[in-house]
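start_31.cif follows (mmCIF, C-alpha atoms):
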```
data_query
#
loop_
_atom_site.label_atom_id
_atom_site.label_comp_id
_atom_site.auth_asym_id
_atom_site.auth_seq_id
_atom_site.Cartn_x
_atom_site.Cartn_y
_atom_site.Cartn_z
CA MET A 1 10.54 9.84 -11.54
CA THR A 2 6.94 10.32 -12.68
CA ALA A 3 3.73 9.22 -11.03
CA THR A 4 3.16 6.66 -13.79
CA ALA A 5 6.62 5.13 -14.10
CA ALA A 6 7.31 1.56 -13.08
CA ILE A 7 9.53 1.06 -10.05
CA SER A 8 12.07 -1.76 -9.83
CA ALA A 9 13.34 -2.85 -6.43
CA ASP A 10 14.87 -5.98 -4.95
CA GLY A 11 13.43 -8.45 -7.47
CA LEU A 12 10.06 -6.71 -7.70
CA VAL A 13 8.48 -4.48 -10.31
CA LEU A 14 5.81 -2.04 -9.19
CA ARG A 15 3.70 -0.65 -12.02
CA PRO A 16 0.31 0.99 -12.32
CA PHE A 17 -2.53 -1.52 -12.56
CA GLU A 18 -3.93 -2.41 -16.00
CA ASP A 19 -7.23 -3.90 -17.17
CA ALA A 20 -5.37 -7.12 -17.95
CA ASP A 21 -4.76 -7.56 -14.19
CA ALA A 22 -8.44 -8.32 -13.54
CA PRO A 23 -8.16 -12.15 -13.54
CA ALA A 24 -5.17 -12.06 -11.18
CA LEU A 25 -7.06 -9.66 -8.87
CA ILE A 26 -10.04 -12.00 -8.71
CA GLU A 27 -7.72 -14.87 -7.83
CA ALA A 28 -5.84 -12.85 -5.19
CA TYR A 29 -9.09 -11.77 -3.52
CA ARG A 30 -10.19 -15.37 -3.01
CA ASP A 31 -7.72 -15.56 -0.13
CA GLU A 32 -9.56 -15.47 3.24
CA THR A 33 -6.71 -13.71 5.06
CA LEU A 34 -6.72 -10.90 2.50
CA ARG A 35 -10.51 -10.62 2.62
CA ARG A 36 -10.42 -10.11 6.37
CA TYR A 37 -8.60 -6.78 6.01
CA ILE A 38 -10.06 -5.27 2.84
CA ARG A 39 -13.09 -3.04 2.30
CA THR A 40 -13.80 -3.54 -1.41
CA PRO A 41 -14.27 -7.20 -2.42
CA VAL A 42 -13.30 -8.42 -5.86
CA ASP A 43 -15.27 -11.59 -6.60
CA ASP A 44 -15.92 -11.32 -10.33
CA ALA A 45 -15.07 -9.40 -13.50
CA GLU A 46 -17.54 -6.60 -12.72
CA GLN A 47 -16.07 -6.00 -9.26
CA ALA A 48 -12.53 -6.19 -10.66
CA ALA A 49 -13.42 -3.55 -13.25
CA HIS A 50 -14.89 -1.35 -10.50
CA TRP A 51 -11.75 -1.80 -8.33
CA LEU A 52 -9.50 -0.93 -11.27
CA ARG A 53 -11.63 2.14 -12.06
CA LEU A 54 -11.14 3.35 -8.47
CA GLN A 55 -7.37 3.03 -8.94
CA TYR A 56 -7.40 4.87 -12.29
CA ASP A 57 -9.66 7.64 -10.96
CA GLY A 58 -7.49 8.10 -7.86
CA ARG A 59 -4.34 8.36 -9.93
CA ALA A 60 -5.96 10.90 -12.25
CA ALA A 61 -7.09 12.95 -9.23
CA GLY A 62 -3.66 12.74 -7.58
CA THR A 63 -5.09 11.10 -4.46
CA ARG A 64 -4.27 7.41 -4.94
CA TYR A 65 -1.21 5.86 -6.57
CA SER A 66 -1.80 2.11 -6.67
CA PHE A 67 0.81 -0.25 -8.05
CA ALA A 68 0.62 -3.89 -9.02
CA VAL A 69 3.54 -5.67 -7.35
CA LEU A 70 5.04 -8.21 -9.74
CA GLU A 71 7.66 -10.86 -9.12
CA ALA A 72 8.87 -12.77 -12.17
CA GLY A 73 5.97 -11.21 -14.10
CA GLU A 74 3.31 -12.54 -11.71
CA LEU A 75 1.00 -10.42 -9.55
CA VAL A 76 2.05 -10.98 -5.93
CA GLY A 77 0.62 -7.87 -4.31
CA ASN A 78 -0.60 -4.32 -4.31
CA VAL A 79 0.97 -1.24 -2.75
CA VAL A 80 -0.73 2.14 -2.70
CA LEU A 81 0.06 5.69 -1.67
CA LYS A 82 -3.12 7.45 -0.53
CA ARG A 83 -3.08 11.25 -0.43
CA GLY A 84 -6.24 12.79 0.94
CA THR A 85 -5.11 16.14 -0.40
CA PRO A 86 -2.81 16.38 -3.42
CA GLY A 87 0.13 18.51 -2.32
CA GLY A 88 -0.54 17.82 1.36
CA GLU A 89 2.14 17.09 3.95
CA ARG A 90 0.82 13.62 4.84
CA ALA A 91 -0.02 10.44 2.99
CA GLU A 92 -0.79 6.84 3.87
CA VAL A 93 0.66 3.64 2.49
CA GLY A 94 -1.46 0.53 2.11
CA TYR A 95 -0.68 -2.90 0.74
CA TRP A 96 -1.63 -6.52 0.44
CA THR A 97 0.13 -9.62 -0.77
CA THR A 98 -1.24 -12.79 -2.30
CA GLY A 99 -1.29 -15.90 -0.13
CA PRO A 100 1.63 -17.62 -1.92
CA ALA A 101 3.78 -14.46 -1.63
CA ARG A 102 3.46 -14.09 2.15
CA GLY A 103 6.51 -14.75 4.28
CA ARG A 104 8.98 -13.99 1.49
CA GLY A 105 9.55 -10.31 2.21
CA VAL A 106 7.39 -9.06 -0.67
CA ALA A 107 5.41 -6.57 1.42
CA PRO A 108 8.41 -4.90 3.14
CA ARG A 109 10.28 -4.62 -0.17
CA ALA A 110 7.23 -3.15 -1.92
CA VAL A 111 6.48 -0.71 0.92
CA GLU A 112 10.12 0.40 1.06
CA ALA A 113 10.18 0.94 -2.72
CA LEU A 114 6.90 2.87 -2.69
CA THR A 115 8.10 5.02 0.23
CA ALA A 116 11.34 5.93 -1.53
CA TRP A 117 9.40 6.69 -4.72
CA ALA A 118 6.81 8.78 -2.87
CA PHE A 119 9.38 10.98 -1.17
CA ALA A 120 11.42 11.31 -4.37
CA THR A 121 8.29 12.24 -6.31
CA PHE A 122 6.33 14.38 -3.84
CA ALA A 123 8.68 15.79 -1.16
CA ALA A 124 9.46 18.87 -3.25
CA GLY A 125 5.70 19.50 -3.33
CA GLY A 126 5.35 19.26 0.44
CA LEU A 127 5.07 15.57 1.39
CA ARG A 128 6.68 15.17 4.81
CA ARG A 129 5.14 12.09 6.46
CA ILE A 130 3.74 8.76 5.36
CA ASP A 131 1.66 6.68 7.76
CA LEU A 132 1.08 2.94 7.73
CA LEU A 133 -2.11 1.99 9.59
CA HIS A 134 -3.33 -1.48 10.51
CA GLU A 135 -5.60 -3.27 12.95
CA GLY A 136 -3.92 -4.01 16.25
CA ASP A 137 -4.22 -7.78 15.90
CA ASN A 138 -2.49 -7.77 12.50
CA HIS A 139 0.98 -8.74 13.75
CA ALA A 140 2.27 -9.37 10.23
CA SER A 141 1.62 -5.72 9.36
CA CYS A 142 3.57 -4.63 12.44
CA ARG A 143 6.53 -6.64 11.13
CA VAL A 144 6.15 -5.13 7.64
CA ALA A 145 6.11 -1.63 9.14
CA GLU A 146 9.24 -2.29 11.20
CA LYS A 147 11.12 -3.90 8.31
CA SER A 148 10.17 -0.92 6.09
CA GLY A 149 11.53 1.66 8.54
CA TYR A 150 8.15 2.82 9.82
CA THR A 151 8.24 3.69 13.53
CA PHE A 152 5.27 2.86 15.78
CA THR A 153 3.73 6.19 16.80
CA GLU A 154 0.35 5.51 18.42
CA ILE A 155 -2.70 3.36 19.06
CA VAL A 156 -5.62 4.53 16.92
CA PRO A 157 -9.14 3.95 18.31
CA ALA A 158 -11.42 1.61 16.37
CA PHE A 159 -13.30 3.34 13.58
CA PRO A 160 -15.95 1.64 11.40
CA PRO A 161 -15.66 -0.46 9.38
CA TYR A 162 -12.69 -1.61 11.50
CA PRO A 163 -13.87 -3.17 14.78
CA LEU A 164 -10.52 -3.09 16.63
CA ASP A 165 -8.07 -0.44 17.73
CA GLY A 166 -5.25 0.00 15.26
CA HIS A 167 -1.62 0.98 15.08
CA ARG A 168 -0.11 3.96 13.32
CA HIS A 169 3.49 3.66 12.13
CA SER A 170 5.15 6.62 10.38
CA ARG A 171 8.10 7.59 8.22
CA ASN A 172 9.12 11.21 7.99
CA TRP A 173 11.06 12.74 5.14
CA LEU A 174 14.65 13.52 6.19
CA ASP A 175 14.28 12.01 9.67
CA GLY A 176 17.02 9.44 9.15
CA SER A 177 14.55 6.62 8.51
CA ASP A 178 14.15 7.69 4.88
CA ARG A 179 17.16 5.63 3.97
CA ARG A 180 17.14 5.97 0.20
CA THR A 181 16.08 9.52 -0.61
CA SER A 182 17.28 11.75 2.19
CA GLU A 183 20.99 11.86 1.38
#
```
Show me the file's structure as structure tokens.
Amino acid sequence: MTATAAISADGLVLRPFEDADAPALIEAYRDETLRRYIRTPVDDAEQAAHWLRLQYDGRAAGTRYSFAVLEAGELVGNVVLKRGTPGGERAEVGYWTTGPARGRGVAPRAVEALTAWAFATFAAGGLRRIDLLHEGDNHASCRVAEKSGYTFTEIVPAFPPYPLDGHRHSRNWLDGSDRRTSE
């Protein structure tokens, strides 16, 4: 599987973002719950273009693989694999879902699909662990982590711009929790 291929999983399609996603991004970012946990706002076409450029640049650099999460052709979320160092042993998964998609299992399905893809794509090059980090009061993200096979590993001290301590959950390649790609 390549770093640009679309991923299909459990009623979802994950594909790299496109310029045509800008209006749906602007709409998604109007949600107050989403805005509470994000660092880069998307309020208008200029900010959407900037956000998309960050995704394209990250993919080209091999440090950020962001996917639009689609259900029945509609944008319902974002899932991203962040690699500080291409070829490194560790990466981080991030995600958000649109307000109407919450509570339907979109985030766990998307995170599970991205995790399987990441290990299938990058394990041969050294990827061994993926972390899922979230603020400690974000109970929904704890549930997503658990449903996606990520084990709670530690409390992470608050670090600006995040005002609260956080949680780190992890999945390791070939540790038994990598259900789809370790056999």
With the PyMOL selection byres ((chain A and resi 115-120) around 10) as the selection, what would be picked from this file? Answer as a ChimeraX atom specification, please. /A:1-3,5,7,65,79-81,91-93,109-114,121-130,148-150,171-174,178-182
Restricting it to C-alpha atoms, dump the selection as a PDB file, in the frame of the given file.
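Result written to selection22.pdb:
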```
ATOM      1  CA  MET A   1      10.540   9.840 -11.540  1.00  0.00           C
ATOM      2  CA  THR A   2       6.940  10.320 -12.680  1.00  0.00           C
ATOM      3  CA  ALA A   3       3.730   9.220 -11.030  1.00  0.00           C
ATOM      4  CA  ALA A   5       6.620   5.130 -14.100  1.00  0.00           C
ATOM      5  CA  ILE A   7       9.530   1.060 -10.050  1.00  0.00           C
ATOM      6  CA  TYR A  65      -1.210   5.860  -6.570  1.00  0.00           C
ATOM      7  CA  VAL A  79       0.970  -1.240  -2.750  1.00  0.00           C
ATOM      8  CA  VAL A  80      -0.730   2.140  -2.700  1.00  0.00           C
ATOM      9  CA  LEU A  81       0.060   5.690  -1.670  1.00  0.00           C
ATOM     10  CA  ALA A  91      -0.020  10.440   2.990  1.00  0.00           C
ATOM     11  CA  GLU A  92      -0.790   6.840   3.870  1.00  0.00           C
ATOM     12  CA  VAL A  93       0.660   3.640   2.490  1.00  0.00           C
ATOM     13  CA  ARG A 109      10.280  -4.620  -0.170  1.00  0.00           C
ATOM     14  CA  ALA A 110       7.230  -3.150  -1.920  1.00  0.00           C
ATOM     15  CA  VAL A 111       6.480  -0.710   0.920  1.00  0.00           C
ATOM     16  CA  GLU A 112      10.120   0.400   1.060  1.00  0.00           C
ATOM     17  CA  ALA A 113      10.180   0.940  -2.720  1.00  0.00           C
ATOM     18  CA  LEU A 114       6.900   2.870  -2.690  1.00  0.00           C
ATOM     19  CA  THR A 121       8.290  12.240  -6.310  1.00  0.00           C
ATOM     20  CA  PHE A 122       6.330  14.380  -3.840  1.00  0.00           C
ATOM     21  CA  ALA A 123       8.680  15.790  -1.160  1.00  0.00           C
ATOM     22  CA  ALA A 124       9.460  18.870  -3.250  1.00  0.00           C
ATOM     23  CA  GLY A 125       5.700  19.500  -3.330  1.00  0.00           C
ATOM     24  CA  GLY A 126       5.350  19.260   0.440  1.00  0.00           C
ATOM     25  CA  LEU A 127       5.070  15.570   1.390  1.00  0.00           C
ATOM     26  CA  ARG A 128       6.680  15.170   4.810  1.00  0.00           C
ATOM     27  CA  ARG A 129       5.140  12.090   6.460  1.00  0.00           C
ATOM     28  CA  ILE A 130       3.740   8.760   5.360  1.00  0.00           C
ATOM     29  CA  SER A 148      10.170  -0.920   6.090  1.00  0.00           C
ATOM     30  CA  GLY A 149      11.530   1.660   8.540  1.00  0.00           C
ATOM     31  CA  TYR A 150       8.150   2.820   9.820  1.00  0.00           C
ATOM     32  CA  ARG A 171       8.100   7.590   8.220  1.00  0.00           C
ATOM     33  CA  ASN A 172       9.120  11.210   7.990  1.00  0.00           C
ATOM     34  CA  TRP A 173      11.060  12.740   5.140  1.00  0.00           C
ATOM     35  CA  LEU A 174      14.650  13.520   6.190  1.00  0.00           C
ATOM     36  CA  ASP A 178      14.150   7.690   4.880  1.00  0.00           C
ATOM     37  CA  ARG A 179      17.160   5.630   3.970  1.00  0.00           C
ATOM     38  CA  ARG A 180      17.140   5.970   0.200  1.00  0.00           C
ATOM     39  CA  THR A 181      16.080   9.520  -0.610  1.00  0.00           C
ATOM     40  CA  SER A 182      17.280  11.750   2.190  1.00  0.00           C
TER      41      SER A 182
END
```
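Here CA of Ala72 (chain A) stands at a distance of 21.4 Å from CA of Val144 (chain A).
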Students should find that CA of Arg143 (chain A) and CA of Tyr29 (chain A) are spaced 22.0 Å
Ground truth for the PyMOL selection byres ((chain A and resi 152) around 12), written as a VMD selection string: chain A and resid 131 to 134 136 141 to 151 153 to 156 166 to 171
Work out where the centre of an axis-aligned box around every listed atom of region 85-102 of chain A lies and how long its edges are once 5 Å is added on each side; give both in Å to one decimal as AutoDock Vina command-line options.
```
--center_x -0.7 --center_y 0.4 --center_z 0.7 --size_x 18.9 --size_y 46.1 --size_z 18.3
```
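The smallest atom-to-atom distance between Arg104 (chain A) and any of A:Pro160, A:Pro23, A:Gly88, A:Gly77, using all atoms listed in the file, is found for A:Gly77.
The residue that comes closest to Thr63 (chain A), out of A:Arg39, A:Arg15, A:Lys82, A:Arg30 and on the basis of all atoms listed in the file, is A:Lys82.
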Write out as a ChimeraX atom specification each polymer residue whose atoms come within 8 Å of region 44-48 of chain A, counting only C-alpha atoms; drop sequence neighbours fewer than 4 positions from it. /A:22-23,25-26,52
Would you mind listing what lies within 12 Å of Arg35 (chain A) as a compact mmCIF listing (two decimals) with C-alpha atoms, in the frame of the given file, with all atoms listed in the file counted and same-chain residues fewer than 5 positions away left out?
```txt
# COMPACT_ATOMS: atom_id res chain seq x y z
CA ILE A 26 -10.04 -12.00 -8.71
CA GLU A 27 -7.72 -14.87 -7.83
CA ALA A 28 -5.84 -12.85 -5.19
CA TYR A 29 -9.09 -11.77 -3.52
CA ARG A 30 -10.19 -15.37 -3.01
CA THR A 40 -13.80 -3.54 -1.41
CA PRO A 41 -14.27 -7.20 -2.42
CA VAL A 42 -13.30 -8.42 -5.86
CA ASP A 43 -15.27 -11.59 -6.60
CA TRP A 96 -1.63 -6.52 0.44
CA THR A 97 0.13 -9.62 -0.77
CA THR A 98 -1.24 -12.79 -2.30
CA GLY A 99 -1.29 -15.90 -0.13
```
Could I get region 9-43 of chain A rebuilt with N, CA and C atoms, written as a short mmCIF file (atom, residue, chain, number, x, y, z; two decimals), in the frame of the given file?
```cif
data_model
loop_
_atom_site.label_atom_id
_atom_site.label_comp_id
_atom_site.auth_asym_id
_atom_site.auth_seq_id
_atom_site.Cartn_x
_atom_site.Cartn_y
_atom_site.Cartn_z
N ALA A 9 12.67 -2.80 -7.72
CA ALA A 9 13.34 -2.85 -6.43
C ALA A 9 13.44 -4.27 -5.91
N ASP A 10 14.65 -4.70 -5.64
CA ASP A 10 14.87 -5.98 -4.95
C ASP A 10 14.07 -7.15 -5.52
N GLY A 11 14.11 -7.33 -6.83
CA GLY A 11 13.43 -8.45 -7.47
C GLY A 11 11.95 -8.22 -7.75
N LEU A 12 11.46 -7.04 -7.45
CA LEU A 12 10.06 -6.71 -7.70
C LEU A 12 9.95 -5.61 -8.74
N VAL A 13 8.84 -5.60 -9.44
CA VAL A 13 8.48 -4.48 -10.31
C VAL A 13 7.13 -3.98 -9.82
N LEU A 14 7.05 -2.69 -9.57
CA LEU A 14 5.81 -2.04 -9.19
C LEU A 14 5.40 -1.19 -10.38
N ARG A 15 4.19 -1.44 -10.90
CA ARG A 15 3.70 -0.65 -12.02
C ARG A 15 2.23 -0.37 -11.82
N PRO A 16 1.74 0.71 -12.44
CA PRO A 16 0.31 0.99 -12.32
C PRO A 16 -0.51 -0.22 -12.81
N PHE A 17 -1.65 -0.43 -12.17
CA PHE A 17 -2.53 -1.52 -12.56
C PHE A 17 -3.06 -1.30 -13.97
N GLU A 18 -3.40 -2.41 -14.63
CA GLU A 18 -3.93 -2.41 -16.00
C GLU A 18 -5.18 -3.28 -16.03
N ASP A 19 -6.03 -3.07 -17.03
CA ASP A 19 -7.23 -3.90 -17.17
C ASP A 19 -6.90 -5.39 -17.23
N ALA A 20 -5.77 -5.72 -17.82
CA ALA A 20 -5.37 -7.12 -17.95
C ALA A 20 -5.09 -7.79 -16.61
N ASP A 21 -4.99 -7.01 -15.52
CA ASP A 21 -4.76 -7.56 -14.19
C ASP A 21 -6.02 -8.12 -13.55
N ALA A 22 -7.17 -7.92 -14.15
CA ALA A 22 -8.44 -8.32 -13.54
C ALA A 22 -8.47 -9.79 -13.12
N PRO A 23 -8.11 -10.76 -13.98
CA PRO A 23 -8.16 -12.15 -13.54
C PRO A 23 -7.25 -12.45 -12.34
N ALA A 24 -6.08 -11.85 -12.31
CA ALA A 24 -5.17 -12.06 -11.18
C ALA A 24 -5.73 -11.42 -9.90
N LEU A 25 -6.42 -10.29 -10.03
CA LEU A 25 -7.06 -9.66 -8.87
C LEU A 25 -8.14 -10.56 -8.29
N ILE A 26 -8.97 -11.10 -9.16
CA ILE A 26 -10.04 -12.00 -8.71
C ILE A 26 -9.44 -13.17 -7.96
N GLU A 27 -8.38 -13.74 -8.49
CA GLU A 27 -7.72 -14.87 -7.83
C GLU A 27 -7.13 -14.46 -6.49
N ALA A 28 -6.46 -13.32 -6.43
CA ALA A 28 -5.84 -12.85 -5.19
C ALA A 28 -6.90 -12.64 -4.11
N TYR A 29 -8.04 -12.10 -4.48
CA TYR A 29 -9.09 -11.77 -3.52
C TYR A 29 -9.88 -12.99 -3.04
N ARG A 30 -9.57 -14.15 -3.54
CA ARG A 30 -10.19 -15.37 -3.01
C ARG A 30 -9.59 -15.77 -1.66
N ASP A 31 -8.44 -15.23 -1.35
CA ASP A 31 -7.72 -15.56 -0.13
C ASP A 31 -8.46 -15.01 1.10
N GLU A 32 -8.80 -15.88 2.05
CA GLU A 32 -9.56 -15.47 3.24
C GLU A 32 -8.80 -14.49 4.12
N THR A 33 -7.49 -14.65 4.24
CA THR A 33 -6.71 -13.71 5.06
C THR A 33 -6.78 -12.32 4.47
N LEU A 34 -6.62 -12.20 3.16
CA LEU A 34 -6.72 -10.90 2.50
C LEU A 34 -8.11 -10.31 2.70
N ARG A 35 -9.13 -11.11 2.53
CA ARG A 35 -10.51 -10.62 2.62
C ARG A 35 -10.84 -10.08 4.01
N ARG A 36 -10.16 -10.58 5.01
CA ARG A 36 -10.42 -10.11 6.37
C ARG A 36 -10.09 -8.63 6.54
N TYR A 37 -9.10 -8.14 5.79
CA TYR A 37 -8.60 -6.78 6.01
C TYR A 37 -8.97 -5.78 4.92
N ILE A 38 -9.73 -6.18 3.94
CA ILE A 38 -10.06 -5.27 2.84
C ILE A 38 -11.48 -4.74 2.95
N ARG A 39 -11.74 -3.62 2.29
CA ARG A 39 -13.09 -3.04 2.30
C ARG A 39 -13.84 -3.26 1.00
N THR A 40 -13.14 -3.42 -0.11
CA THR A 40 -13.80 -3.54 -1.41
C THR A 40 -13.52 -4.93 -1.97
N PRO A 41 -14.51 -5.84 -1.91
CA PRO A 41 -14.27 -7.20 -2.42
C PRO A 41 -14.16 -7.21 -3.94
N VAL A 42 -13.44 -8.20 -4.42
CA VAL A 42 -13.30 -8.42 -5.86
C VAL A 42 -13.58 -9.90 -6.10
N ASP A 43 -14.84 -10.20 -6.42
CA ASP A 43 -15.27 -11.59 -6.60
C ASP A 43 -15.47 -11.99 -8.05
#
```
